[in-house]
Amino acid sequence: MSIIEARGLTKSFVQAVKEPGLKGALKHLIVPKNITKVAVHPLDLSIETGETVAYVGPNGAGKSTTIKMLSGILKPSGGSISVNGINPYKKRMENAAQIGAVFGQRTQLWWNIPIVESFSLLKDIYEIPDHVYRNNLEQFIELLGMNEFIHLSARKLSLGQRMRADLAAALLHNPPIVYLDEPTIGLDVSVKQKIREFIKKINQEQQTTVMLTTHDLGDIEDLCKRLIIIDHGMIIYDGSLSEVKSRFARSRVIFFQVGSPMPELFAELDRTPGIRLTLQNEQEFSVAFDRYEYTASDVVSRVMRHGEVIDFRMEDANIEQVIKAVYDGNLDLNQQAQ
């Protein structure tokens with residue numbers, strides 16, 4: 001059985017509809033009017049032990065609602081969930097003991113005491129054996145570079161420092177499952193890299209199952225092999241990261257540096273459907289093309305027929321292009337897959 005299993009999982013919210021002002025409030029009190037908003041339509045989800053899964057979608061798509069149901073915070077409106085053999089809502093304490101979570105800007109650290117004391121309190125809460133606690137703490141301090149701020153209180157930490165401390169706090173008790181919601185939001189490049197390397201190491205060494213929700217495409221490409229895209233409460237893609245790039249990121253770009261201007265080539269490319277020419281100057285330009293209509297060899301051959309090519313490089317399909325197209329409503333993955 002999968003470590004995370006959901007069948008027909010759905011969540012609806014009842015929202016009051018009121019007219020403005022005191023009159024509207026009194027009218028609603030006498031004759032209440034409500035609407036039901038479906039945040040998550042019935043969905044099926046299976047995640048295996050040790051997987052790193054990116055669960056992404058535009059704002060309001062149902063990502064956070066799904067995670068809150070899996071973590072036991074919200075009760076589903078319908079369907080079933082099993083997280084490591086436990087119903088997370090019915091057995092919230094048992095479920096909390098087997099998961100770790102980092103939710104963006106929300107911290108689980110105590111605000112006015114040193115970080116190391118917050119860790120000590122979490123040790124008692126989760127009943128972590130002394131040797132496990134010591135080993136994990138030493139490892140996390142080294143991997144996340146926390147020596148410089150381990151004795152500071154949470155309120156004195158920068159955002160990057162706090163995110164590192166929160167990640168360590170979420171994993172101190174060796175949970176088999178961890179939910180990460182925007183773990184690198186607002187961080188600089190070096191701190192992002194430390195956090196990504198730490199997550200990869202924990203996943204590889206302990207087979208920790210990671211479910212990541214993020215808008216940072218770098219996190220997805222660096223950490224995850226599987227991608228689930230949710231939109232309007234429905235899963236519209238569930239597959240490998242490489243597959244979605246292969247199937248849906250159609251555009252490739254080749255950047256050329258040539259020995260002399262090629263006006264005839266430029267005119268030819270401008271007239272060719274499925275090809276887009278972008279000039280940097282007369283001797284440096286890029287050619288974007290649909291890889292289902294043309295091969296890289298076709299494009300390079302065309303250019304070489306018109307003169308000397310000093311150098312060229314190709315930029316392959318980028319997952320960011322696909323995600324952006326879905327968010328903007330310009331790409332229907334279900335329709336493309338048919």
# chains A, B, ... in the order shown; residues from 1 in each chain; ligands from 1
>>> select_by_dssp(residues="range 89-245 of chain A", states="helix (DSSP H, G or I)", output="PyMOL selection string")
chain A and resi 92-97+115-126+130-144+154-156+159-171+189-206+217-223+241-245
>>> select_by_dssp(residues="range 134-274 of chain A", states="strand (DSSP E)", output="ChimeraX atom specification")
/A:177-181,209-213,226-231,234-240,251-258
>>> residues_around(residues="Ser64 in chain A", least_positions_apart="2", cutoff="12 Å", atoms="only C-alpha atoms", output="PyMOL selection string")
chain A and resi 11+39-40+55-62+66-71+73-74+103-104+179-182+211-214+230+233
>>> write_last_selection(atoms="N, CA and C atoms", output="CSV table (one decimal), in the first residue's frame")
chain,number,residue,atom,x,y,z
A,11,LYS,N,-13.4,18.4,-0.9
A,11,LYS,CA,-13.6,19.4,0.2
A,11,LYS,C,-14.4,20.6,-0.3
A,39,ALA,N,-13.7,23.4,-3.2
A,39,ALA,CA,-12.3,23.7,-3.2
A,39,ALA,C,-11.5,22.6,-3.9
A,40,VAL,N,-11.9,21.4,-3.6
A,40,VAL,CA,-11.2,20.2,-4.2
A,40,VAL,C,-12.3,19.2,-4.7
A,55,TYR,N,3.7,19.3,-5.9
A,55,TYR,CA,2.2,19.4,-6.0
A,55,TYR,C,1.9,20.9,-6.3
A,56,VAL,N,1.7,21.3,-7.5
A,56,VAL,CA,1.7,22.7,-7.9
A,56,VAL,C,0.4,23.1,-8.6
A,57,GLY,N,0.2,24.4,-8.6
A,57,GLY,CA,-1.0,24.9,-9.3
A,57,GLY,C,-1.1,26.4,-9.0
A,58,PRO,N,-1.9,27.1,-9.7
A,58,PRO,CA,-2.1,28.6,-9.4
A,58,PRO,C,-2.7,28.8,-8.1
A,59,ASN,N,-2.7,30.1,-7.6
A,59,ASN,CA,-3.3,30.4,-6.3
A,59,ASN,C,-4.8,30.1,-6.4
A,60,GLY,N,-5.3,29.4,-5.3
A,60,GLY,CA,-6.7,29.1,-5.3
A,60,GLY,C,-7.0,27.8,-6.0
A,61,ALA,N,-6.0,27.0,-6.4
A,61,ALA,CA,-6.3,25.8,-7.1
A,61,ALA,C,-6.7,24.6,-6.2
A,62,GLY,N,-6.4,24.7,-4.9
A,62,GLY,CA,-6.7,23.6,-4.0
A,62,GLY,C,-5.5,22.9,-3.4
A,66,THR,N,-5.7,20.6,0.0
A,66,THR,CA,-5.3,19.2,0.0
A,66,THR,C,-4.3,18.8,1.1
A,67,ILE,N,-3.3,19.6,1.2
A,67,ILE,CA,-2.2,19.4,2.2
A,67,ILE,C,-2.8,19.4,3.6
A,68,LYS,N,-3.8,20.3,3.9
A,68,LYS,CA,-4.4,20.4,5.2
A,68,LYS,C,-5.2,19.2,5.5
A,69,MET,N,-5.9,18.6,4.5
A,69,MET,CA,-6.6,17.4,4.7
A,69,MET,C,-5.7,16.2,4.9
A,70,LEU,N,-4.5,16.2,4.2
A,70,LEU,CA,-3.6,15.1,4.4
A,70,LEU,C,-2.9,15.2,5.8
A,71,SER,N,-2.7,16.4,6.3
A,71,SER,CA,-2.1,16.6,7.6
A,71,SER,C,-3.0,16.5,8.7
A,73,ILE,N,-5.5,18.7,9.4
A,73,ILE,CA,-6.0,20.0,9.9
A,73,ILE,C,-7.5,20.2,9.5
A,74,LEU,N,-7.8,19.7,8.3
A,74,LEU,CA,-9.2,19.9,7.7
A,74,LEU,C,-9.8,18.5,7.6
A,103,PHE,N,5.3,25.3,6.7
A,103,PHE,CA,4.3,26.1,6.0
A,103,PHE,C,4.7,27.5,5.8
A,104,GLY,N,5.5,27.8,4.8
A,104,GLY,CA,5.9,29.1,4.4
A,104,GLY,C,6.3,30.0,5.5
A,179,TYR,N,5.7,17.5,4.6
A,179,TYR,CA,5.0,18.5,3.7
A,179,TYR,C,5.7,19.8,3.8
A,180,LEU,N,6.1,20.3,2.6
A,180,LEU,CA,6.9,21.5,2.5
A,180,LEU,C,6.1,22.5,1.7
A,181,ASP,N,5.6,23.6,2.3
A,181,ASP,CA,4.9,24.6,1.6
A,181,ASP,C,5.7,25.8,1.4
A,182,GLU,N,6.2,26.1,0.2
A,182,GLU,CA,7.1,27.2,-0.1
A,182,GLU,C,8.3,27.3,0.8
A,211,MET,N,6.5,15.9,0.0
A,211,MET,CA,5.4,16.5,-0.8
A,211,MET,C,5.6,18.0,-0.8
A,212,LEU,N,6.0,18.6,-1.9
A,212,LEU,CA,6.4,20.0,-2.0
A,212,LEU,C,5.4,20.8,-2.8
A,213,THR,N,4.9,21.9,-2.2
A,213,THR,CA,4.1,22.8,-2.9
A,213,THR,C,4.9,24.1,-3.0
A,214,THR,N,5.0,24.6,-4.2
A,214,THR,CA,5.9,25.8,-4.4
A,214,THR,C,5.6,26.5,-5.7
A,230,ILE,N,-2.5,20.7,-10.1
A,230,ILE,CA,-3.9,20.9,-9.8
A,230,ILE,C,-4.4,22.2,-10.2
A,233,GLY,N,-9.3,22.8,-8.4
A,233,GLY,CA,-9.6,21.7,-7.5
A,233,GLY,C,-9.5,20.3,-8.2
>>> residues_around(residues="Ser251 in chain A", least_positions_apart="5", cutoff="7 Å", atoms="only C-alpha atoms", output="number ranges by chain")
A: 288-291, 317
>>> write_last_selection(atoms="C-alpha atoms", output="compact mmCIF listing (two decimals), in the first residue's frame")
# COMPACT_ATOMS: atom_id res chain seq x y z
CA ALA A 288 13.10 29.34 -31.52
CA PHE A 289 11.32 26.44 -33.19
CA ASP A 290 8.63 23.83 -32.60
CA ARG A 291 10.50 20.56 -32.05
CA ALA A 317 12.53 22.58 -22.99
>>> closest_atom_pairs(of="range 41-124 of chain A", to="range 149-172 of chain A", cutoff="9 Å", atoms="only C-alpha atoms", output="JSON lines")
{"residue": "A:Ile99", "atom": "CA", "partner": "A:Ala170", "partner_atom": "CA", "distance": 8.0}
{"residue": "A:Gly100", "atom": "CA", "partner": "A:Ala170", "partner_atom": "CA", "distance": 4.6}
{"residue": "A:Ala101", "atom": "CA", "partner": "A:Ala170", "partner_atom": "CA", "distance": 5.6}
{"residue": "A:Val102", "atom": "CA", "partner": "A:Leu167", "partner_atom": "CA", "distance": 6.4}
{"residue": "A:Gly104", "atom": "CA", "partner": "A:Met163", "partner_atom": "CA", "distance": 8.2}
{"residue": "A:Gln105", "atom": "CA", "partner": "A:Met163", "partner_atom": "CA", "distance": 8.3}
{"residue": "A:Thr107", "atom": "CA", "partner": "A:Asp166", "partner_atom": "CA", "distance": 6.4}
{"residue": "A:Gln108", "atom": "CA", "partner": "A:Asp166", "partner_atom": "CA", "distance": 6.6}
{"residue": "A:Leu109", "atom": "CA", "partner": "A:Ala154", "partner_atom": "CA", "distance": 6.6}
{"residue": "A:Trp110", "atom": "CA", "partner": "A:Ala154", "partner_atom": "CA", "distance": 6.7}
{"residue": "A:Trp111", "atom": "CA", "partner": "A:Ala154", "partner_atom": "CA", "distance": 4.9}
{"residue": "A:Asn112", "atom": "CA", "partner": "A:Ser153", "partner_atom": "CA", "distance": 5.4}
{"residue": "A:Ile113", "atom": "CA", "partner": "A:Ser153", "partner_atom": "CA", "distance": 4.8}
{"residue": "A:Pro114", "atom": "CA", "partner": "A:Ser153", "partner_atom": "CA", "distance": 3.9}
{"residue": "A:Ile115", "atom": "CA", "partner": "A:Ile150", "partner_atom": "CA", "distance": 5.4}
{"residue": "A:Val116", "atom": "CA", "partner": "A:Ile150", "partner_atom": "CA", "distance": 5.7}
{"residue": "A:Glu117", "atom": "CA", "partner": "A:His151", "partner_atom": "CA", "distance": 8.2}
{"residue": "A:Ser118", "atom": "CA", "partner": "A:Ala169", "partner_atom": "CA", "distance": 8.2}
{"residue": "A:Phe119", "atom": "CA", "partner": "A:Ala169", "partner_atom": "CA", "distance": 6.3}
{"residue": "A:Leu122", "atom": "CA", "partner": "A:Ala169", "partner_atom": "CA", "distance": 7.4}
{"residue": "A:Lys123", "atom": "CA", "partner": "A:Leu172", "partner_atom": "CA", "distance": 7.6}
>>> residues_around(residues="Asn84 in chain A", least_positions_apart="4", cutoff="8 Å", atoms="only C-alpha atoms", output="JSON list (two decimals) with all heavy atoms, in the first residue's frame")
[["chain", "number", "residue", "atom", "x", "y", "z"],
["A", 2, "SER", "N", 0.47, 2.28, -0.72],
["A", 2, "SER", "CA", 1.22, 3.54, -0.78],
["A", 2, "SER", "C", 1.24, 4.21, 0.59],
["A", 2, "SER", "O", 0.32, 4.06, 1.40],
["A", 2, "SER", "CB", 0.57, 4.47, -1.80],
["A", 2, "SER", "OG", 0.51, 3.87, -3.07],
["A", 3, "ILE", "N", 2.29, 4.99, 0.87],
["A", 3, "ILE", "CA", 2.38, 5.65, 2.17],
["A", 3, "ILE", "C", 1.33, 6.75, 2.29],
["A", 3, "ILE", "O", 0.83, 7.04, 3.39],
["A", 3, "ILE", "CB", 3.81, 6.19, 2.40],
["A", 3, "ILE", "CG1", 3.99, 6.57, 3.87],
["A", 3, "ILE", "CG2", 4.14, 7.36, 1.47],
["A", 3, "ILE", "CD1", 5.42, 6.80, 4.28],
["A", 4, "ILE", "N", 0.97, 7.39, 1.16],
["A", 4, "ILE", "CA", -0.14, 8.35, 1.14],
["A", 4, "ILE", "C", -1.13, 7.87, 0.08],
["A", 4, "ILE", "O", -0.77, 7.66, -1.07],
["A", 4, "ILE", "CB", 0.33, 9.78, 0.80],
["A", 4, "ILE", "CG1", 1.29, 10.30, 1.86],
["A", 4, "ILE", "CG2", -0.86, 10.73, 0.63],
["A", 4, "ILE", "CD1", 1.89, 11.67, 1.54]]
>>> residues_around(residues="range 44-49 of chain A", least_positions_apart="5", cutoff="7 Å", atoms="only C-alpha atoms", output="PyMOL selection string")
chain A and resi 2-9+207+209
>>> write_last_selection(atoms="C-alpha atoms", output="PDB file, in the first residue's frame")
ATOM      1  CA  SER A   2       1.215   3.541  -0.781  1.00  0.00           C
ATOM      2  CA  ILE A   3       2.378   5.651   2.166  1.00  0.00           C
ATOM      3  CA  ILE A   4      -0.140   8.349   1.135  1.00  0.00           C
ATOM      4  CA  GLU A   5      -3.390   7.150  -0.397  1.00  0.00           C
ATOM      5  CA  ALA A   6      -6.485   9.224  -1.202  1.00  0.00           C
ATOM      6  CA  ARG A   7      -9.601   8.044  -3.023  1.00  0.00           C
ATOM      7  CA  GLY A   8     -12.407  10.344  -4.109  1.00  0.00           C
ATOM      8  CA  LEU A   9     -11.050  13.045  -1.787  1.00  0.00           C
ATOM      9  CA  GLN A 207      13.799   7.502   2.355  1.00  0.00           C
ATOM     10  CA  THR A 209       8.641  10.989   1.516  1.00  0.00           C
TER      11      THR A 209
END
>>> atom_distance(atom1="CA of Leu279 in chain A", atom2="CA of Ala296 in chain A")
18.4 Å
>>> residues_around(residues="Ile35 in chain A", least_positions_apart="6", cutoff="12 Å", atoms="only C-alpha atoms", output="ChimeraX atom specification")
/A:12-18
>>> write_last_selection(atoms="N, CA, C and O atoms", output="PDB file, in the first residue's frame")
ATOM      1  N   SER A  12     -15.517  20.840   0.373  1.00  0.00           N
ATOM      2  CA  SER A  12     -16.384  21.977   0.036  1.00  0.00           C
ATOM      3  C   SER A  12     -16.508  22.886   1.246  1.00  0.00           C
ATOM      4  O   SER A  12     -16.452  22.426   2.390  1.00  0.00           O
ATOM      5  N   PHE A  13     -16.692  24.162   0.981  1.00  0.00           N
ATOM      6  CA  PHE A  13     -16.902  25.148   2.030  1.00  0.00           C
ATOM      7  C   PHE A  13     -18.223  25.864   1.793  1.00  0.00           C
ATOM      8  O   PHE A  13     -18.574  26.181   0.650  1.00  0.00           O
ATOM      9  N   VAL A  14     -18.957  26.129   2.877  1.00  0.00           N
ATOM     10  CA  VAL A  14     -20.205  26.893   2.784  1.00  0.00           C
ATOM     11  C   VAL A  14     -19.890  28.345   3.095  1.00  0.00           C
ATOM     12  O   VAL A  14     -19.310  28.663   4.134  1.00  0.00           O
ATOM     13  N   GLN A  15     -20.256  29.233   2.178  1.00  0.00           N
ATOM     14  CA  GLN A  15     -19.971  30.656   2.347  1.00  0.00           C
ATOM     15  C   GLN A  15     -21.274  31.446   2.407  1.00  0.00           C
ATOM     16  O   GLN A  15     -22.203  31.207   1.622  1.00  0.00           O
ATOM     17  N   ALA A  16     -21.329  32.371   3.358  1.00  0.00           N
ATOM     18  CA  ALA A  16     -22.510  33.222   3.489  1.00  0.00           C
ATOM     19  C   ALA A  16     -22.517  34.296   2.408  1.00  0.00           C
ATOM     20  O   ALA A  16     -21.476  34.855   2.069  1.00  0.00           O
ATOM     21  N   VAL A  17     -23.694  34.561   1.857  1.00  0.00           N
ATOM     22  CA  VAL A  17     -23.860  35.621   0.862  1.00  0.00           C
ATOM     23  C   VAL A  17     -24.707  36.723   1.497  1.00  0.00           C
ATOM     24  O   VAL A  17     -25.888  36.528   1.798  1.00  0.00           O
ATOM     25  N   LYS A  18     -24.098  37.880   1.741  1.00  0.00           N
ATOM     26  CA  LYS A  18     -24.788  38.983   2.409  1.00  0.00           C
ATOM     27  C   LYS A  18     -24.804  40.219   1.529  1.00  0.00           C
ATOM     28  O   LYS A  18     -23.825  40.502   0.827  1.00  0.00           O
TER      29      LYS A  18
END
>>> closest_atom_pairs(of="range 216-307 of chain A", to="range 189-205 of chain A", cutoff="9 Å", atoms="only C-alpha atoms", output="Markdown table")
| residue | atom | partner | partner_atom | distance |
| --- | --- | --- | --- | --- |
| A:Asp219 | CA | A:Arg196 | CA | 7.1 |
| A:Asp222 | CA | A:Arg196 | CA | 7.3 |
| A:Leu223 | CA | A:Lys200 | CA | 6.6 |
>>> closest_residue(among="A:Pro273, A:Ile254, A:Arg247, A:Phe266", to="Val299 in chain A", atoms="only C-alpha atoms")
A:Ile254
>>> atom_distance(atom1="CA of Ser77 in chain A", atom2="CA of Met93 in chain A")
20.5 Å
>>> decode(residues="range 226-240 of chain A", atoms="all heavy atoms", output="compact mmCIF listing (two decimals), in the first residue's frame")
# COMPACT_ATOMS: atom_id res chain seq x y z
N ARG A 226 8.65 13.67 -9.78
CA ARG A 226 7.23 13.54 -10.13
C ARG A 226 6.54 14.88 -9.94
O ARG A 226 6.81 15.61 -8.99
CB ARG A 226 6.57 12.48 -9.24
CG ARG A 226 5.09 12.25 -9.52
CD ARG A 226 4.56 11.14 -8.64
NE ARG A 226 3.11 11.04 -8.67
CZ ARG A 226 2.39 10.33 -7.80
NH1 ARG A 226 3.00 9.65 -6.84
NH2 ARG A 226 1.08 10.30 -7.88
N LEU A 227 5.64 15.18 -10.86
CA LEU A 227 4.93 16.46 -10.85
C LEU A 227 3.43 16.20 -10.90
O LEU A 227 2.94 15.46 -11.75
CB LEU A 227 5.35 17.30 -12.06
CG LEU A 227 4.62 18.62 -12.29
CD1 LEU A 227 4.97 19.62 -11.19
CD2 LEU A 227 4.98 19.21 -13.66
N ILE A 228 2.70 16.82 -9.96
CA ILE A 228 1.23 16.80 -9.98
C ILE A 228 0.77 18.24 -10.10
O ILE A 228 1.16 19.09 -9.30
CB ILE A 228 0.66 16.16 -8.71
CG1 ILE A 228 1.14 14.71 -8.56
CG2 ILE A 228 -0.86 16.19 -8.73
CD1 ILE A 228 0.74 14.06 -7.25
N ILE A 229 -0.04 18.52 -11.12
CA ILE A 229 -0.57 19.87 -11.31
C ILE A 229 -2.07 19.85 -11.02
O ILE A 229 -2.81 19.03 -11.58
CB ILE A 229 -0.33 20.37 -12.75
CG1 ILE A 229 1.17 20.35 -13.08
CG2 ILE A 229 -0.87 21.80 -12.91
CD1 ILE A 229 1.49 20.75 -14.52
N ILE A 230 -2.50 20.73 -10.12
CA ILE A 230 -3.91 20.85 -9.78
C ILE A 230 -4.42 22.22 -10.22
O ILE A 230 -3.71 23.22 -10.11
CB ILE A 230 -4.13 20.64 -8.26
CG1 ILE A 230 -5.62 20.65 -7.92
CG2 ILE A 230 -3.35 21.64 -7.42
CD1 ILE A 230 -5.93 20.24 -6.49
N ASP A 231 -5.62 22.26 -10.77
CA ASP A 231 -6.21 23.51 -11.22
C ASP A 231 -7.71 23.44 -11.01
O ASP A 231 -8.35 22.45 -11.36
CB ASP A 231 -5.88 23.76 -12.70
CG ASP A 231 -6.20 25.18 -13.13
OD1 ASP A 231 -6.27 26.06 -12.27
OD2 ASP A 231 -6.40 25.41 -14.34
N HIS A 232 -8.28 24.48 -10.37
CA HIS A 232 -9.70 24.50 -10.05
C HIS A 232 -10.14 23.25 -9.29
O HIS A 232 -11.21 22.69 -9.52
CB HIS A 232 -10.56 24.67 -11.32
CG HIS A 232 -10.36 25.99 -11.99
ND1 HIS A 232 -9.50 26.16 -13.06
CD2 HIS A 232 -10.88 27.22 -11.74
CE1 HIS A 232 -9.51 27.43 -13.44
NE2 HIS A 232 -10.33 28.09 -12.65
N GLY A 233 -9.26 22.79 -8.38
CA GLY A 233 -9.59 21.67 -7.52
C GLY A 233 -9.51 20.30 -8.17
O GLY A 233 -9.92 19.31 -7.57
N MET A 234 -8.97 20.23 -9.38
CA MET A 234 -8.87 18.95 -10.09
C MET A 234 -7.45 18.71 -10.55
O MET A 234 -6.77 19.64 -11.00
CB MET A 234 -9.82 18.94 -11.31
CG MET A 234 -11.29 19.01 -10.95
SD MET A 234 -12.37 19.02 -12.41
CE MET A 234 -12.09 20.71 -12.99
N ILE A 235 -6.98 17.47 -10.44
CA ILE A 235 -5.65 17.12 -10.94
C ILE A 235 -5.70 17.04 -12.46
O ILE A 235 -6.46 16.28 -13.03
CB ILE A 235 -5.18 15.78 -10.34
CG1 ILE A 235 -4.90 15.95 -8.84
CG2 ILE A 235 -3.92 15.29 -11.05
CD1 ILE A 235 -4.50 14.67 -8.13
N ILE A 236 -4.88 17.87 -13.11
CA ILE A 236 -4.87 17.89 -14.57
C ILE A 236 -3.63 17.23 -15.15
O ILE A 236 -3.56 16.99 -16.35
CB ILE A 236 -5.00 19.34 -15.11
CG1 ILE A 236 -3.85 20.22 -14.62
CG2 ILE A 236 -6.33 19.94 -14.71
CD1 ILE A 236 -3.82 21.60 -15.25
N TYR A 237 -2.64 16.95 -14.29
CA TYR A 237 -1.48 16.19 -14.75
C TYR A 237 -0.84 15.49 -13.56
O TYR A 237 -0.71 16.07 -12.49
CB TYR A 237 -0.44 17.10 -15.42
CG TYR A 237 0.79 16.32 -15.86
CD1 TYR A 237 0.79 15.62 -17.05
CD2 TYR A 237 1.92 16.24 -15.04
CE1 TYR A 237 1.89 14.86 -17.43
CE2 TYR A 237 3.02 15.50 -15.42
CZ TYR A 237 3.00 14.81 -16.61
OH TYR A 237 4.08 14.05 -16.99
N ASP A 238 -0.46 14.24 -13.75
CA ASP A 238 0.25 13.47 -12.73
C ASP A 238 1.22 12.55 -13.47
O ASP A 238 0.82 11.58 -14.10
CB ASP A 238 -0.72 12.65 -11.88
CG ASP A 238 -0.01 11.89 -10.76
OD1 ASP A 238 1.23 11.93 -10.70
OD2 ASP A 238 -0.72 11.26 -9.94
N GLY A 239 2.50 12.89 -13.42
CA GLY A 239 3.49 12.09 -14.14
C GLY A 239 4.89 12.57 -13.82
O GLY A 239 5.10 13.41 -12.93
N SER A 240 5.85 12.07 -14.54
CA SER A 240 7.24 12.44 -14.30
C SER A 240 7.51 13.84 -14.83
O SER A 240 6.87 14.31 -15.78
CB SER A 240 8.19 11.44 -14.97
OG SER A 240 8.16 11.59 -16.37
